Amino acid sequence: MIVELGHYALILALLLAAAQAFFGLAGPALARERWFGAAPSAAAGQLVFLALATTVLVHAFIEDDFSVRYVAENSNSALPLFYRIAALWGAHEGSLLLWIDVLSLWTIAVVARLRFLPPAFGTRVLGVLGIISFGFLAFTLFTSDPFVRLTPPVPDGNDLNPVLQDFALAIHPPILYTGYVGFSVSFAFACAAMIEGRRDQLWARWMRPWTVIAWAFLAWGIALGSWWAYYELGWGGFWFWDPVENASFMPWLVGTALIHSLAVTDKRGLFKSWTLLLAVAAFSLSLLGTFLVRSGVLVSVHSFAADPRRGIFILGFLIIMIGGALTLYAWRAPRMVSQAGFELVSREAFLLFNNLLLVIAATVVFGGTMAPLIAGTLHLGTLSVGPPYFNPSFLVPVLPLLALLSLGIHARWRRGGLRESRRRLLVSFAFSLVLALALVFGVYAHPLPLTPIGAVLGVWIILSSLIDPLDRLRRGIRVPAAILGMAIAHIGLGMFVLGITFVQSNTLERDIALKPGGSVTLAGYNFRFDGVQNIEGPNYEGLRGTVTVTSDGKPVTVLHPEKRRFWVQGSVQTTAAIADGLHRDLLASLGDDVGAGAYSLRFQYRPLIRFVWLGAFIMAMGGVTVVFGRRQRGAGWAEAAQPSTVAADTGSA
Amino acid sequence: MTPRRRRLYWVLGIVAGVGLAAALALRAFQQNVMEYYDPTHIAAGEIMQGKRFTLGGMVEQGSLKRTPGSLDVSFVVTDFRHSIPVRYDKVLPDLFREGAGMVAHGRLDASGTFIADEVLAKHDEKYMPPEVARSLAAGKEGAH
């Protein structure tokens with residue numbers, strides 16, 4: 001009965017989404033101001049009913065209600081409580097519900113900030129968000145209903161996929177979705193601006209903070225997923241250019257281009273139509289990503305055949321949303337063009353290059369992700385596109401992007417460029433060169449051809465990002481949040497570049513069969529295998545190995561790699577043991593019993609790998625600093641719409 | 001330089017840059033996309049010795065042999081019409097089993113044995129790589 005209540009709440013949420021879409025769009029269009037208030041009310045009601053529906057489903061998981069098909073397929077009575085709750089988004093139906101929940105929360109956040117927007121504009125934003133919410137709710141209810149009963153009920157569930165039984169992966173979807181779904185807010189702002197055909201650039205200012213926060217969450221989500229893959233998949237890889245990863249990486253790349261082009265539109269009124277197009281693209285890629293990952297179409301071209309309604313619905317929804325937005329764009333963008341010029345060496349020009357290169361990078365990823373799918377659909381043969389394609393192709397646009405960054409952040413708006421920063425740029429570059437080469441040849445040795453380039457770029461990005469904030473501090477001027485945030489984000493990027501450079505160049509890996517007592521040495525660390533013992537967990541049993549690591553005879557750490565066998569699904573999972581450190585990680589993974597008393601083992605040494613995730617985390621923190629570090633304006637939209645202050649005008653690109 | 005001229009240079013520069021990037025990406029794509037073959041293709045002599053490619057099929061029951069105390073393993077991959085011996089000297093992935101589908105990268109040696117340099121792990125034990133599923137389905141039909 002309770003389950004049916006949740007189902008009913010979901011249907012009510014669908015109706016409220018329709019109301020939100022109708023009043024949000026029709027109200028301003030017909031100039032009926034009395035209708036305006038209905039949109040936020042519908043959004044609030046939607047949140048209430050979605051919360052109810054979600055609570056009901058969580059309750060079904062906690063109470064082991066295996067009469068609900070979704071619970072029976074994704075949970076088990078032996079599953080620990082935390083994972084029973086996280087199992088909510090462990091598969092297609094529940095993650096759609098999560099998507100809608102997150103969208104509802106974003107919508108309420110917009111409602112809370114509604115007084116900062118002109119009433120008609122804000123109402124239109126809610127209207128567009130209502131359409132998206134309606135589409136997703138209809139998709140869930142008609143094709144992917146999580147509340148469907150199972151008759152007869154099964155005595156126990158099929159368990160959550162063991163690789164998903166992990167803390168980082170349990171919190172990964174909500175964070176990733178907060179990013180994905182956040183781009184629908186950018187999209188809604190872009191659509192509202194296009195519907196109104198606004199000639200000013202204020203919409204860009206209103207859209208910026210939302211986009212930056214969505215972008216930051218997406219970065220965290222991706223980094224969390226990568227970190228999870230690293231320790232949970234058991235063999236030390238952290239990025240596979242897997243379609244599932246690419247699906248979240250593409251909107252992030254386009255989102256990065258978007259936050260930079262928004263800066264130009266906001267400050268200088270340029271790139272307007274380009275910015276709108278990027279907002280549409282970022283959202284479209286988010287939609288595509290959500291559907292591709294969860295519908296399974298990337299795993300098998302034929303999975304749509306299992307439920308053709310899903311495929312047709314998805315295709316229809318994508319065509320309506322993207323096609324509708326592009327039609328609107330073709331109709332309205334020409335009248336929103338800007339008439340201002342800039343020179344080849346100016347902040348605008350560097351940001352143009354930034355956008356161009358980021359979009360090329362996203363295209364490279366898109367091509368590699370879709371090629372197998374397209375080839376498979378058209379029966380052109382079977383392709384596998386992996387790191388050998390992605391790694392070099394991705395670097396083609398990204399290396400110039402990184403090289404131009406340090407120059408770009410010191411270029412002035414409009415014209416005149418780099419003259420006054422030339423000395424500091426040269427000095428910082430010289431320092432970077434020395435520091436990076438010392439790292440490459442002194443500390444790590446055995447460089448690949450690209451190692452020195454990556455190291456120099458990484459160090460230079462960090463040093464040159466420090467110049468402006470340090471200069472202001474020295475002169476006793478307050479560092480505005482916009483400039484501080486930009487510096488933090490770019491320092492994060494520099495750390496990320498350094499991490500990738502050294503982990504790609506200097507990782508050592510060794511597969512070996514060892515008997516207890518046997519050992520192997522890697523990068524000066526001695527790994528000694530001390531044997532295995534049997535273990536038993538809440539819902540699995542397994543083997544636990546002991547590996548003692550020493551360096552120059554001194555103990556470093558003891559690693560316990562595990563091999564787990566989960567009872568319900570009978571699947572085997574390798575859990576690597578990792579000794580983490582800021583300068584290096586040491587990994588041990590336990591393979592199989594290879595006979596004669598020996599076990600297969602893999603040992604790895606990965607320098608600076610923490611910089612990869614730490615860098616991504618700091619990058620996203622930069623975005624948060626920009627948005628929340630600003631002194632809050634207490635007044636409504638009319639005052640907030642005044643030209644920005646001089647302090648805020650100099651940076652924030 | 002007139003603004004019109006300058007804009008022309010801008011556009012030309014950008015087009016050249018994008019073109020170069022596209023050309024490089026396509027080149028990388030052509031060189032690095034690995035083609036997939038099943039044992040039937042190989043039996044038909046479609047592959048040159050020494051070329052790196054992806055092999056897919058099912059691990060034949062009872063074919064997995066280990067050299068005790070070392071990483072060296074050998075097994076036979078089949079699509080029910082033809083089969084091919086495979087050798088590997090690294091740690092096998094968790095989901096590798098006799099009677100299950102597998103995908104491996106590697107080369108053929110002179111004796112017609114596939115020397116794998118990577119056997120792929122998949123995230124889900126129910127998951128059969130789609131190309132392998134197709135090969136197996138075709139093989140079963142052909143065998144009747």
# chains A, B, ... in the order shown; residues from 1 in each chain; ligands from 1
>>> select_by_dssp(residues="region 43-123 of chain A", states="helix (DSSP H, G or I)", output="JSON, numbers by chain")
{"A": [43, 44, 45, 46, 47, 48, 49, 50, 51, 52, 53, 54, 55, 56, 57, 58, 59, 60, 61, 62, 69, 70, 71, 72, 73, 74, 81, 82, 83, 84, 85, 86, 87, 88, 89, 92, 93, 94, 95, 96, 97, 98, 99, 100, 101, 102, 103, 104, 105, 106, 107, 108, 109, 110, 111, 112, 114, 115, 116, 119, 120, 121, 122, 123]}
>>> closest_atom_pairs(of="chain A", to="chain B", cutoff="9 Å", atoms="only C-alpha atoms", output="tab-separated table")
residue	atom	partner	partner_atom	distance
A:Asn161	CA	B:Asp124	CA	7.8
A:Val163	CA	B:His123	CA	7.6
A:Leu233	CA	B:His123	CA	7.9
A:Trp235	CA	B:Pro93	CA	8.9
A:Val299	CA	B:Pro130	CA	7.3
A:Ser300	CA	B:Pro130	CA	5.6
A:Val301	CA	B:Pro130	CA	7.9
A:His302	CA	B:Pro130	CA	8.3
A:Leu344	CA	B:Trp10	CA	8.4
A:Phe353	CA	B:Ile14	CA	8.8
A:Leu356	CA	B:Val18	CA	8.4
A:Leu357	CA	B:Val18	CA	8.6
A:Ile360	CA	B:Val18	CA	7.5
A:Val364	CA	B:Ala25	CA	7.0
A:Gly368	CA	B:Phe29	CA	7.9
A:Gly381	CA	B:Tyr36	CA	8.1
A:Thr382	CA	B:Tyr36	CA	5.8
A:Leu383	CA	B:Glu35	CA	5.4
A:Ser384	CA	B:Met34	CA	5.6
A:Val385	CA	B:Val33	CA	5.1
A:Gly386	CA	B:Val33	CA	7.2
A:Pro387	CA	B:Asn32	CA	8.6
A:Pro388	CA	B:Asn32	CA	5.4
A:Tyr389	CA	B:Asn32	CA	5.2
A:Phe390	CA	B:Ala28	CA	8.2
A:Pro392	CA	B:Ala28	CA	7.0
A:Ser393	CA	B:Ala25	CA	4.9
A:Phe394	CA	B:Ala25	CA	8.1
A:Val396	CA	B:Ala21	CA	6.4
A:Pro397	CA	B:Ala21	CA	6.9
A:Arg510	CA	B:Lys90	CA	8.9
A:Asp511	CA	B:Lys90	CA	5.8
A:Ile512	CA	B:Leu71	CA	6.5
A:Ala513	CA	B:Ser70	CA	5.1
A:Leu514	CA	B:Gly69	CA	7.4
A:Lys515	CA	B:Gly69	CA	7.7
A:Lys563	CA	B:Asp94	CA	8.9
A:Gln569	CA	B:Glu125	CA	8.8
A:Ser571	CA	B:Glu125	CA	6.6
A:Val572	CA	B:Asp94	CA	5.9
A:Gln573	CA	B:Asp94	CA	6.1
A:Thr574	CA	B:Asp94	CA	6.7
A:Leu590	CA	B:Val91	CA	8.9
A:Gly591	CA	B:Val91	CA	6.1
A:Asp592	CA	B:Val91	CA	7.8
A:Asp593	CA	B:Gly69	CA	8.6
A:Val594	CA	B:Gly69	CA	5.6
A:Gly595	CA	B:Pro68	CA	4.6
A:Ala596	CA	B:Gly69	CA	5.0
A:Gly597	CA	B:Gly69	CA	6.8
A:Ala598	CA	B:Gly69	CA	5.1
A:Tyr599	CA	B:Gly69	CA	7.4
A:Ser600	CA	B:Val91	CA	6.2
A:Leu601	CA	B:Val91	CA	7.1
A:Arg602	CA	B:Val91	CA	7.2
>>> closest_residue(among="B:Ala104, B:Gly62, B:Gly50, B:Ile115", to="Val86 (chain B)", atoms="only C-alpha atoms")
B:Ile115
>>> atom_distance(atom1="CA of Ala430 (chain A)", atom2="CA of Trp460 (chain A)")
8.9 Å
>>> decode(residues="region 51-79 of chain B", atoms="C-alpha atoms", output="PDB file, in the first residue's frame")
ATOM      1  CA  LYS B  51      49.402  -7.293 -36.745  1.00  0.00           C
ATOM      2  CA  ARG B  52      47.916  -6.239 -33.416  1.00  0.00           C
ATOM      3  CA  PHE B  53      44.173  -6.836 -33.149  1.00  0.00           C
ATOM      4  CA  THR B  54      41.336  -7.700 -30.789  1.00  0.00           C
ATOM      5  CA  LEU B  55      40.272 -11.314 -30.444  1.00  0.00           C
ATOM      6  CA  GLY B  56      36.907 -12.257 -29.016  1.00  0.00           C
ATOM      7  CA  GLY B  57      35.172 -15.537 -28.278  1.00  0.00           C
ATOM      8  CA  MET B  58      34.394 -18.037 -25.573  1.00  0.00           C
ATOM      9  CA  VAL B  59      37.004 -19.709 -23.400  1.00  0.00           C
ATOM     10  CA  GLU B  60      36.661 -23.414 -24.148  1.00  0.00           C
ATOM     11  CA  GLN B  61      35.741 -25.663 -21.203  1.00  0.00           C
ATOM     12  CA  GLY B  62      38.719 -27.554 -19.813  1.00  0.00           C
ATOM     13  CA  SER B  63      41.243 -25.698 -21.964  1.00  0.00           C
ATOM     14  CA  LEU B  64      42.804 -23.470 -19.270  1.00  0.00           C
ATOM     15  CA  LYS B  65      46.291 -24.691 -18.382  1.00  0.00           C
ATOM     16  CA  ARG B  66      48.709 -23.078 -15.985  1.00  0.00           C
ATOM     17  CA  THR B  67      52.392 -23.634 -15.630  1.00  0.00           C
ATOM     18  CA  PRO B  68      52.419 -24.283 -11.862  1.00  0.00           C
ATOM     19  CA  GLY B  69      54.049 -21.528  -9.871  1.00  0.00           C
ATOM     20  CA  SER B  70      54.250 -19.046 -12.758  1.00  0.00           C
ATOM     21  CA  LEU B  71      51.955 -16.546 -14.457  1.00  0.00           C
ATOM     22  CA  ASP B  72      52.034 -18.319 -17.816  1.00  0.00           C
ATOM     23  CA  VAL B  73      48.615 -19.572 -18.863  1.00  0.00           C
ATOM     24  CA  SER B  74      47.278 -21.026 -22.053  1.00  0.00           C
ATOM     25  CA  PHE B  75      43.678 -21.548 -23.089  1.00  0.00           C
ATOM     26  CA  VAL B  76      41.599 -21.995 -26.212  1.00  0.00           C
ATOM     27  CA  VAL B  77      39.150 -19.417 -27.544  1.00  0.00           C
ATOM     28  CA  THR B  78      36.311 -20.644 -29.720  1.00  0.00           C
ATOM     29  CA  ASP B  79      33.321 -19.321 -31.633  1.00  0.00           C
TER      30      ASP B  79
END
